[in-house]
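Asks: What follows is start_18.pdb, PDB, N, CA and C atoms, pLDDT in the B column.
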```pdb
ATOM      1  N   MET J  28     104.893 128.713 170.222  1.00 84.00           N
ATOM      2  CA  MET J  28     104.735 128.244 171.583  1.00 84.00           C
ATOM      3  C   MET J  28     104.351 126.763 171.579  1.00 84.00           C
ATOM      4  N   LYS J  29     105.031 125.999 172.429  1.00 92.00           N
ATOM      5  CA  LYS J  29     104.759 124.566 172.503  1.00 92.00           C
ATOM      6  C   LYS J  29     103.397 124.300 173.135  1.00 92.00           C
ATOM      7  N   LYS J  30     102.718 123.292 172.634  1.00 97.00           N
ATOM      8  CA  LYS J  30     101.487 122.803 173.250  1.00 97.00           C
ATOM      9  C   LYS J  30     101.872 121.972 174.472  1.00 97.00           C
ATOM     10  N   THR J  31     101.023 122.002 175.493  1.00 97.00           N
ATOM     11  CA  THR J  31     101.319 121.314 176.743  1.00 97.00           C
ATOM     12  C   THR J  31     100.366 120.147 176.961  1.00 97.00           C
ATOM     13  N   ILE J  32     100.934 119.016 177.345  1.00 97.00           N
ATOM     14  CA  ILE J  32     100.164 117.810 177.653  1.00 97.00           C
ATOM     15  C   ILE J  32     100.399 117.454 179.114  1.00 97.00           C
ATOM     16  N   LEU J  33      99.306 117.223 179.843  1.00 96.00           N
ATOM     17  CA  LEU J  33      99.381 116.728 181.210  1.00 96.00           C
ATOM     18  C   LEU J  33      99.118 115.230 181.183  1.00 96.00           C
ATOM     19  N   ILE J  34     100.070 114.466 181.679  1.00 97.00           N
ATOM     20  CA  ILE J  34      99.913 113.012 181.755  1.00 97.00           C
ATOM     21  C   ILE J  34      99.642 112.655 183.214  1.00 97.00           C
ATOM     22  N   LEU J  35      98.458 112.132 183.458  1.00 96.00           N
ATOM     23  CA  LEU J  35      98.061 111.687 184.795  1.00 96.00           C
ATOM     24  C   LEU J  35      98.060 110.162 184.799  1.00 96.00           C
ATOM     25  N   GLU J  36      99.160 109.589 185.240  1.00 96.00           N
ATOM     26  CA  GLU J  36      99.348 108.128 185.208  1.00 96.00           C
ATOM     27  C   GLU J  36     100.243 107.759 186.383  1.00 96.00           C
ATOM     28  N   ASP J  37      99.788 106.835 187.231  1.00 95.00           N
ATOM     29  CA  ASP J  37     100.558 106.479 188.413  1.00 95.00           C
ATOM     30  C   ASP J  37     101.679 105.476 188.149  1.00 95.00           C
ATOM     31  N   ASP J  38     101.634 104.772 187.043  1.00 96.00           N
ATOM     32  CA  ASP J  38     102.716 103.859 186.680  1.00 96.00           C
ATOM     33  C   ASP J  38     103.869 104.697 186.125  1.00 96.00           C
ATOM     34  N   GLU J  39     104.957 104.773 186.891  1.00 96.00           N
ATOM     35  CA  GLU J  39     106.073 105.650 186.536  1.00 96.00           C
ATOM     36  C   GLU J  39     106.652 105.352 185.151  1.00 96.00           C
ATOM     37  N   HIS J  40     106.813 104.083 184.813  1.00 97.00           N
ATOM     38  CA  HIS J  40     107.397 103.722 183.515  1.00 97.00           C
ATOM     39  C   HIS J  40     106.472 104.110 182.361  1.00 97.00           C
ATOM     40  N   LEU J  41     105.210 103.863 182.518  1.00 97.00           N
ATOM     41  CA  LEU J  41     104.237 104.237 181.488  1.00 97.00           C
ATOM     42  C   LEU J  41     104.157 105.755 181.358  1.00 97.00           C
ATOM     43  N   ASN J  42     104.149 106.450 182.472  1.00 97.00           N
ATOM     44  CA  ASN J  42     104.104 107.908 182.471  1.00 97.00           C
ATOM     45  C   ASN J  42     105.301 108.479 181.697  1.00 97.00           C
ATOM     46  N   ARG J  43     106.493 108.000 182.026  1.00 97.00           N
ATOM     47  CA  ARG J  43     107.695 108.493 181.340  1.00 97.00           C
ATOM     48  C   ARG J  43     107.715 108.107 179.874  1.00 97.00           C
ATOM     49  N   GLY J  44     107.274 106.886 179.565  1.00 97.00           N
ATOM     50  CA  GLY J  44     107.246 106.432 178.174  1.00 97.00           C
ATOM     51  C   GLY J  44     106.328 107.272 177.302  1.00 97.00           C
ATOM     52  N   ILE J  45     105.132 107.539 177.798  1.00 97.00           N
ATOM     53  CA  ILE J  45     104.187 108.378 177.051  1.00 97.00           C
ATOM     54  C   ILE J  45     104.767 109.780 176.887  1.00 97.00           C
ATOM     55  N   GLY J  46     105.315 110.316 177.974  1.00 97.00           N
ATOM     56  CA  GLY J  46     105.906 111.652 177.919  1.00 97.00           C
ATOM     57  C   GLY J  46     107.037 111.745 176.917  1.00 97.00           C
ATOM     58  N   PHE J  47     107.877 110.745 176.889  1.00 97.00           N
ATOM     59  CA  PHE J  47     109.020 110.726 175.966  1.00 97.00           C
ATOM     60  C   PHE J  47     108.548 110.796 174.509  1.00 97.00           C
ATOM     61  N   ILE J  48     107.533 110.030 174.182  1.00 96.00           N
ATOM     62  CA  ILE J  48     107.010 110.009 172.811  1.00 96.00           C
ATOM     63  C   ILE J  48     106.541 111.393 172.390  1.00 96.00           C
ATOM     64  N   PHE J  49     105.781 112.051 173.266  1.00 97.00           N
ATOM     65  CA  PHE J  49     105.253 113.371 172.917  1.00 97.00           C
ATOM     66  C   PHE J  49     106.331 114.454 172.948  1.00 97.00           C
ATOM     67  N   GLU J  50     107.299 114.334 173.853  1.00 97.00           N
ATOM     68  CA  GLU J  50     108.400 115.301 173.887  1.00 97.00           C
ATOM     69  C   GLU J  50     109.193 115.276 172.583  1.00 97.00           C
ATOM     70  N   LYS J  51     109.394 114.072 172.044  1.00 96.00           N
ATOM     71  CA  LYS J  51     110.109 113.951 170.771  1.00 96.00           C
ATOM     72  C   LYS J  51     109.399 114.714 169.662  1.00 96.00           C
ATOM     73  N   ASP J  52     108.077 114.818 169.756  1.00 96.00           N
ATOM     74  CA  ASP J  52     107.291 115.536 168.747  1.00 96.00           C
ATOM     75  C   ASP J  52     107.126 117.012 169.078  1.00 96.00           C
ATOM     76  N   GLY J  53     107.813 117.491 170.120  1.00 97.00           N
ATOM     77  CA  GLY J  53     107.847 118.919 170.401  1.00 97.00           C
ATOM     78  C   GLY J  53     106.853 119.426 171.427  1.00 97.00           C
ATOM     79  N   TYR J  54     106.177 118.551 172.124  1.00 98.00           N
ATOM     80  CA  TYR J  54     105.230 118.975 173.147  1.00 98.00           C
ATOM     81  C   TYR J  54     105.929 119.192 174.481  1.00 98.00           C
ATOM     82  N   GLN J  55     105.402 120.114 175.277  1.00 98.00           N
ATOM     83  CA  GLN J  55     105.848 120.268 176.656  1.00 98.00           C
ATOM     84  C   GLN J  55     105.030 119.297 177.498  1.00 98.00           C
ATOM     85  N   ILE J  56     105.687 118.583 178.400  1.00 98.00           N
ATOM     86  CA  ILE J  56     105.017 117.552 179.187  1.00 98.00           C
ATOM     87  C   ILE J  56     104.975 117.946 180.655  1.00 98.00           C
ATOM     88  N   LEU J  57     103.788 117.828 181.234  1.00 98.00           N
ATOM     89  CA  LEU J  57     103.609 117.910 182.679  1.00 98.00           C
ATOM     90  C   LEU J  57     103.204 116.522 183.129  1.00 98.00           C
ATOM     91  N   SER J  58     103.749 116.080 184.234  1.00 97.00           N
ATOM     92  CA  SER J  58     103.530 114.707 184.664  1.00 97.00           C
ATOM     93  C   SER J  58     103.033 114.676 186.098  1.00 97.00           C
ATOM     94  N   ALA J  59     101.989 113.868 186.341  1.00 96.00           N
ATOM     95  CA  ALA J  59     101.453 113.703 187.691  1.00 96.00           C
ATOM     96  C   ALA J  59     101.129 112.230 187.912  1.00 96.00           C
ATOM     97  N   LYS J  60     101.249 111.806 189.167  1.00 96.00           N
ATOM     98  CA  LYS J  60     100.963 110.416 189.515  1.00 96.00           C
ATOM     99  C   LYS J  60      99.710 110.273 190.363  1.00 96.00           C
ATOM    100  N   SER J  61      99.021 111.401 190.622  1.00 95.00           N
ATOM    101  CA  SER J  61      97.790 111.362 191.413  1.00 95.00           C
ATOM    102  C   SER J  61      96.860 112.483 190.947  1.00 95.00           C
ATOM    103  N   ILE J  62      95.600 112.363 191.307  1.00 93.00           N
ATOM    104  CA  ILE J  62      94.622 113.389 190.952  1.00 93.00           C
ATOM    105  C   ILE J  62      94.980 114.709 191.618  1.00 93.00           C
ATOM    106  N   ASN J  63      95.343 114.658 192.895  1.00 94.00           N
ATOM    107  CA  ASN J  63      95.685 115.898 193.602  1.00 94.00           C
ATOM    108  C   ASN J  63      96.879 116.604 192.978  1.00 94.00           C
ATOM    109  N   GLU J  64      97.880 115.847 192.587  1.00 96.00           N
ATOM    110  CA  GLU J  64      99.050 116.432 191.920  1.00 96.00           C
ATOM    111  C   GLU J  64      98.644 117.032 190.572  1.00 96.00           C
ATOM    112  N   GLY J  65      97.781 116.341 189.841  1.00 93.00           N
ATOM    113  CA  GLY J  65      97.288 116.852 188.564  1.00 93.00           C
ATOM    114  C   GLY J  65      96.496 118.137 188.740  1.00 93.00           C
ATOM    115  N   LYS J  66      95.679 118.208 189.778  1.00 92.00           N
ATOM    116  CA  LYS J  66      94.895 119.420 190.052  1.00 92.00           C
ATOM    117  C   LYS J  66      95.804 120.610 190.338  1.00 92.00           C
ATOM    118  N   ARG J  67      96.886 120.376 191.096  1.00 94.00           N
ATOM    119  CA  ARG J  67      97.830 121.470 191.365  1.00 94.00           C
ATOM    120  C   ARG J  67      98.487 121.955 190.075  1.00 94.00           C
ATOM    121  N   LEU J  68      98.879 121.022 189.227  1.00 95.00           N
ATOM    122  CA  LEU J  68      99.544 121.410 187.980  1.00 95.00           C
ATOM    123  C   LEU J  68      98.612 122.166 187.047  1.00 95.00           C
ATOM    124  N   ILE J  69      97.365 121.723 186.952  1.00 91.00           N
ATOM    125  CA  ILE J  69      96.440 122.324 185.998  1.00 91.00           C
ATOM    126  C   ILE J  69      96.003 123.727 186.432  1.00 91.00           C
ATOM    127  N   LYS J  70      96.069 123.997 187.735  1.00 90.00           N
ATOM    128  CA  LYS J  70      95.718 125.335 188.234  1.00 90.00           C
ATOM    129  C   LYS J  70      96.754 126.381 187.835  1.00 90.00           C
ATOM    130  N   HIS J  71      97.995 125.948 187.646  1.00 93.00           N
ATOM    131  CA  HIS J  71      99.087 126.890 187.397  1.00 93.00           C
ATOM    132  C   HIS J  71      99.652 126.828 185.982  1.00 93.00           C
ATOM    133  N   ASN J  72      99.057 126.007 185.130  1.00 93.00           N
ATOM    134  CA  ASN J  72      99.557 125.845 183.764  1.00 93.00           C
ATOM    135  C   ASN J  72      98.406 125.749 182.789  1.00 93.00           C
ATOM    136  N   LYS J  73      98.596 126.290 181.594  1.00 92.00           N
ATOM    137  CA  LYS J  73      97.624 126.091 180.530  1.00 92.00           C
ATOM    138  C   LYS J  73      97.937 124.740 179.893  1.00 92.00           C
ATOM    139  N   VAL J  74      96.949 123.874 179.892  1.00 93.00           N
ATOM    140  CA  VAL J  74      97.129 122.524 179.368  1.00 93.00           C
ATOM    141  C   VAL J  74      96.252 122.349 178.136  1.00 93.00           C
ATOM    142  N   ASP J  75      96.837 121.841 177.063  1.00 94.00           N
ATOM    143  CA  ASP J  75      96.104 121.643 175.815  1.00 94.00           C
ATOM    144  C   ASP J  75      95.479 120.257 175.710  1.00 94.00           C
ATOM    145  N   LEU J  76      96.068 119.279 176.391  1.00 93.00           N
ATOM    146  CA  LEU J  76      95.571 117.905 176.335  1.00 93.00           C
ATOM    147  C   LEU J  76      95.895 117.221 177.656  1.00 93.00           C
ATOM    148  N   ILE J  77      94.948 116.402 178.136  1.00 94.00           N
ATOM    149  CA  ILE J  77      95.186 115.609 179.341  1.00 94.00           C
ATOM    150  C   ILE J  77      95.046 114.137 178.975  1.00 94.00           C
ATOM    151  N   ILE J  78      96.060 113.365 179.327  1.00 95.00           N
ATOM    152  CA  ILE J  78      95.987 111.914 179.202  1.00 95.00           C
ATOM    153  C   ILE J  78      95.764 111.417 180.625  1.00 95.00           C
ATOM    154  N   LEU J  79      94.579 110.838 180.857  1.00 93.00           N
ATOM    155  CA  LEU J  79      94.119 110.569 182.204  1.00 93.00           C
ATOM    156  C   LEU J  79      93.882 109.078 182.432  1.00 93.00           C
ATOM    157  N   ASP J  80      94.626 108.507 183.357  1.00 93.00           N
ATOM    158  CA  ASP J  80      94.432 107.118 183.776  1.00 93.00           C
ATOM    159  C   ASP J  80      93.097 107.027 184.515  1.00 93.00           C
ATOM    160  N   LEU J  81      92.378 105.944 184.334  1.00 92.00           N
ATOM    161  CA  LEU J  81      91.070 105.795 184.982  1.00 92.00           C
ATOM    162  C   LEU J  81      91.180 105.386 186.450  1.00 92.00           C
ATOM    163  N   MET J  82      92.245 104.689 186.809  1.00 91.00           N
ATOM    164  CA  MET J  82      92.397 104.229 188.193  1.00 91.00           C
ATOM    165  C   MET J  82      93.685 104.795 188.775  1.00 91.00           C
ATOM    166  N   LEU J  83      93.540 105.796 189.631  1.00 92.00           N
ATOM    167  CA  LEU J  83      94.684 106.440 190.266  1.00 92.00           C
ATOM    168  C   LEU J  83      94.636 106.178 191.768  1.00 92.00           C
ATOM    169  N   PRO J  84      95.755 106.328 192.468  1.00 91.00           N
ATOM    170  CA  PRO J  84      95.792 105.977 193.891  1.00 91.00           C
ATOM    171  C   PRO J  84      94.821 106.771 194.763  1.00 91.00           C
ATOM    172  N   ASP J  85      94.507 107.987 194.373  1.00 92.00           N
ATOM    173  CA  ASP J  85      93.632 108.813 195.199  1.00 92.00           C
ATOM    174  C   ASP J  85      92.245 109.030 194.588  1.00 92.00           C
ATOM    175  N   GLY J  86      91.853 108.189 193.650  1.00 85.00           N
ATOM    176  CA  GLY J  86      90.502 108.292 193.116  1.00 85.00           C
ATOM    177  C   GLY J  86      90.389 107.833 191.676  1.00 85.00           C
ATOM    178  N   SER J  87      89.194 108.014 191.151  1.00 84.00           N
ATOM    179  CA  SER J  87      88.866 107.589 189.799  1.00 84.00           C
ATOM    180  C   SER J  87      89.094 108.720 188.800  1.00 84.00           C
ATOM    181  N   GLY J  88      89.922 108.467 187.813  1.00 82.00           N
ATOM    182  CA  GLY J  88      90.131 109.451 186.752  1.00 82.00           C
ATOM    183  C   GLY J  88      88.848 109.744 186.005  1.00 82.00           C
ATOM    184  N   LYS J  89      88.027 108.719 185.845  1.00 82.00           N
ATOM    185  CA  LYS J  89      86.745 108.893 185.151  1.00 82.00           C
ATOM    186  C   LYS J  89      85.856 109.879 185.908  1.00 82.00           C
ATOM    187  N   ARG J  90      85.823 109.755 187.221  1.00 83.00           N
ATOM    188  CA  ARG J  90      84.997 110.645 188.037  1.00 83.00           C
ATOM    189  C   ARG J  90      85.530 112.076 188.014  1.00 83.00           C
ATOM    190  N   GLU J  91      86.826 112.244 187.939  1.00 84.00           N
ATOM    191  CA  GLU J  91      87.438 113.579 187.968  1.00 84.00           C
ATOM    192  C   GLU J  91      87.506 114.246 186.596  1.00 84.00           C
ATOM    193  N   CYS J  92      87.163 113.531 185.561  1.00 81.00           N
ATOM    194  CA  CYS J  92      87.264 114.055 184.200  1.00 81.00           C
ATOM    195  C   CYS J  92      86.510 115.380 184.041  1.00 81.00           C
ATOM    196  N   ASN J  93      85.307 115.477 184.576  1.00 81.00           N
ATOM    197  CA  ASN J  93      84.536 116.717 184.468  1.00 81.00           C
ATOM    198  C   ASN J  93      85.219 117.881 185.172  1.00 81.00           C
ATOM    199  N   TYR J  94      85.866 117.629 186.300  1.00 81.00           N
ATOM    200  CA  TYR J  94      86.608 118.679 186.991  1.00 81.00           C
ATOM    201  C   TYR J  94      87.681 119.259 186.072  1.00 81.00           C
ATOM    202  N   PHE J  95      88.436 118.389 185.434  1.00 80.00           N
ATOM    203  CA  PHE J  95      89.506 118.854 184.557  1.00 80.00           C
ATOM    204  C   PHE J  95      88.949 119.604 183.350  1.00 80.00           C
ATOM    205  N   ARG J  96      87.843 119.181 182.836  1.00 78.00           N
ATOM    206  CA  ARG J  96      87.191 119.890 181.718  1.00 78.00           C
ATOM    207  C   ARG J  96      86.786 121.296 182.145  1.00 78.00           C
ATOM    208  N   GLN J  97      86.165 121.424 183.298  1.00 79.00           N
ATOM    209  CA  GLN J  97      85.654 122.712 183.767  1.00 79.00           C
ATOM    210  C   GLN J  97      86.759 123.705 184.053  1.00 79.00           C
ATOM    211  N   ILE J  98      87.837 123.249 184.652  1.00 75.00           N
ATOM    212  CA  ILE J  98      88.900 124.170 185.052  1.00 75.00           C
ATOM    213  C   ILE J  98      89.629 124.749 183.841  1.00 75.00           C
ATOM    214  N   GLN J  99      89.608 124.067 182.726  1.00 59.00           N
ATOM    215  CA  GLN J  99      90.305 124.550 181.529  1.00 59.00           C
ATOM    216  C   GLN J  99      89.440 125.426 180.635  1.00 59.00           C
ATOM    217  N   THR J 100      88.163 125.547 180.910  1.00 54.00           N
ATOM    218  CA  THR J 100      87.317 126.384 180.043  1.00 54.00           C
ATOM    219  C   THR J 100      87.094 127.744 180.607  1.00 54.00           C
TER     220      THR J 100
END
```
Could you render the structure from this file as structure tokens?

Replies:
Amino acid sequence: MKKTILILEDDEHLNRGIGFIFEKDGYQILSAKSINEGKRLIKHNKVDLIILDLMLPDGSGKRECNYFRQIQT
């Protein structure tokens, strides 16, 4: 079973670039451009790793980091 990575990055080119690198290595990629979109994805998918931008359009990735930690445990 493939490991899943959630990329939370609002810069579309950076988001796709990071995803492409990990996809080449066999990871399944989930991509979000906002905290709210990331929260929806993480509720419905098992995520093994989150790459989280600190400054997103709808809030601080740093502030939301604990939320993402709690929901996965």

Asks: Evaluate the PyMOL selection byres (((chain J and resi 64-81 and name CA) around 6) and name CA) and record the selected residues as an MDAnalysis selection string, following the chain and residue labels used in the document.

Replies: chainID J and resid 31:36 59 61:63 82 87:89

Asks: Quick one: distance from atom C of J:Arg96 to atom C of J:Lys51 in Å, one decimal?

Replies: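 Between atom C of J:Arg96 and atom C of J:Lys51 the gap works out to 26.7 Å.
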
Asks: Atom C of J:Lys30 to atom C of J:Pro84: how many Å, to one decimal?

Replies: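 Value for the atom C of J:Lys30-atom C of J:Pro84 distance: 26.3 Å.
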
Asks: Enter the distance from atom C of J:Ile56 to atom N of J:Asn42, in Å, rounded to one decimal.

Replies: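 Distance between the two atoms: 11.7 Å.
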
Asks: Would you please extract all helix (DSSP H, G or I) residues from chain J, as assigned by DSSP on the backbone, and give them as a VMD selection string?

Replies: chain J and resid 39 to 51 62 to 71 88 to 99

Asks: Using DSSP on the backbone coordinates, identify all residues within chain J classified as strand (DSSP E or B); present the result as a VMD selection string.

Replies: chain J and resid 31 to 35 55 to 59 76 to 79 82 to 83 86 to 87

Asks: Export, as a short mmCIF file (atom, residue, chain, number, x, y, z; two decimals), keeping the file's coordinate frame, the selected residues with N, CA and C atoms.

Replies:
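Ended up saving to part.cif:
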```
data_model
loop_
_atom_site.label_atom_id
_atom_site.label_comp_id
_atom_site.auth_asym_id
_atom_site.auth_seq_id
_atom_site.Cartn_x
_atom_site.Cartn_y
_atom_site.Cartn_z
N THR J 31 101.02 122.00 175.49
CA THR J 31 101.32 121.31 176.74
C THR J 31 100.37 120.15 176.96
N ILE J 32 100.93 119.02 177.34
CA ILE J 32 100.16 117.81 177.65
C ILE J 32 100.40 117.45 179.11
N LEU J 33 99.31 117.22 179.84
CA LEU J 33 99.38 116.73 181.21
C LEU J 33 99.12 115.23 181.18
N ILE J 34 100.07 114.47 181.68
CA ILE J 34 99.91 113.01 181.76
C ILE J 34 99.64 112.66 183.21
N LEU J 35 98.46 112.13 183.46
CA LEU J 35 98.06 111.69 184.80
C LEU J 35 98.06 110.16 184.80
N GLN J 55 105.40 120.11 175.28
CA GLN J 55 105.85 120.27 176.66
C GLN J 55 105.03 119.30 177.50
N ILE J 56 105.69 118.58 178.40
CA ILE J 56 105.02 117.55 179.19
C ILE J 56 104.98 117.95 180.66
N LEU J 57 103.79 117.83 181.23
CA LEU J 57 103.61 117.91 182.68
C LEU J 57 103.20 116.52 183.13
N SER J 58 103.75 116.08 184.23
CA SER J 58 103.53 114.71 184.66
C SER J 58 103.03 114.68 186.10
N ALA J 59 101.99 113.87 186.34
CA ALA J 59 101.45 113.70 187.69
C ALA J 59 101.13 112.23 187.91
N LEU J 76 96.07 119.28 176.39
CA LEU J 76 95.57 117.90 176.34
C LEU J 76 95.90 117.22 177.66
N ILE J 77 94.95 116.40 178.14
CA ILE J 77 95.19 115.61 179.34
C ILE J 77 95.05 114.14 178.98
N ILE J 78 96.06 113.36 179.33
CA ILE J 78 95.99 111.91 179.20
C ILE J 78 95.76 111.42 180.62
N LEU J 79 94.58 110.84 180.86
CA LEU J 79 94.12 110.57 182.20
C LEU J 79 93.88 109.08 182.43
N MET J 82 92.24 104.69 186.81
CA MET J 82 92.40 104.23 188.19
C MET J 82 93.68 104.80 188.78
N LEU J 83 93.54 105.80 189.63
CA LEU J 83 94.68 106.44 190.27
C LEU J 83 94.64 106.18 191.77
N GLY J 86 91.85 108.19 193.65
CA GLY J 86 90.50 108.29 193.12
C GLY J 86 90.39 107.83 191.68
N SER J 87 89.19 108.01 191.15
CA SER J 87 88.87 107.59 189.80
C SER J 87 89.09 108.72 188.80
#
```

Asks: Kindly list the centre and edge lengths in Å, rounded to one decimal, for the axis-aligned box that covers all listed atoms of stretch 79-85 of chain J plus 3 Å on each of its six sides, as AutoDock Vina command-line options.

Replies:
```
--center_x 93.4 --center_y 107.5 --center_z 188.0 --size_x 10.7 --size_y 12.6 --size_z 20.3
```
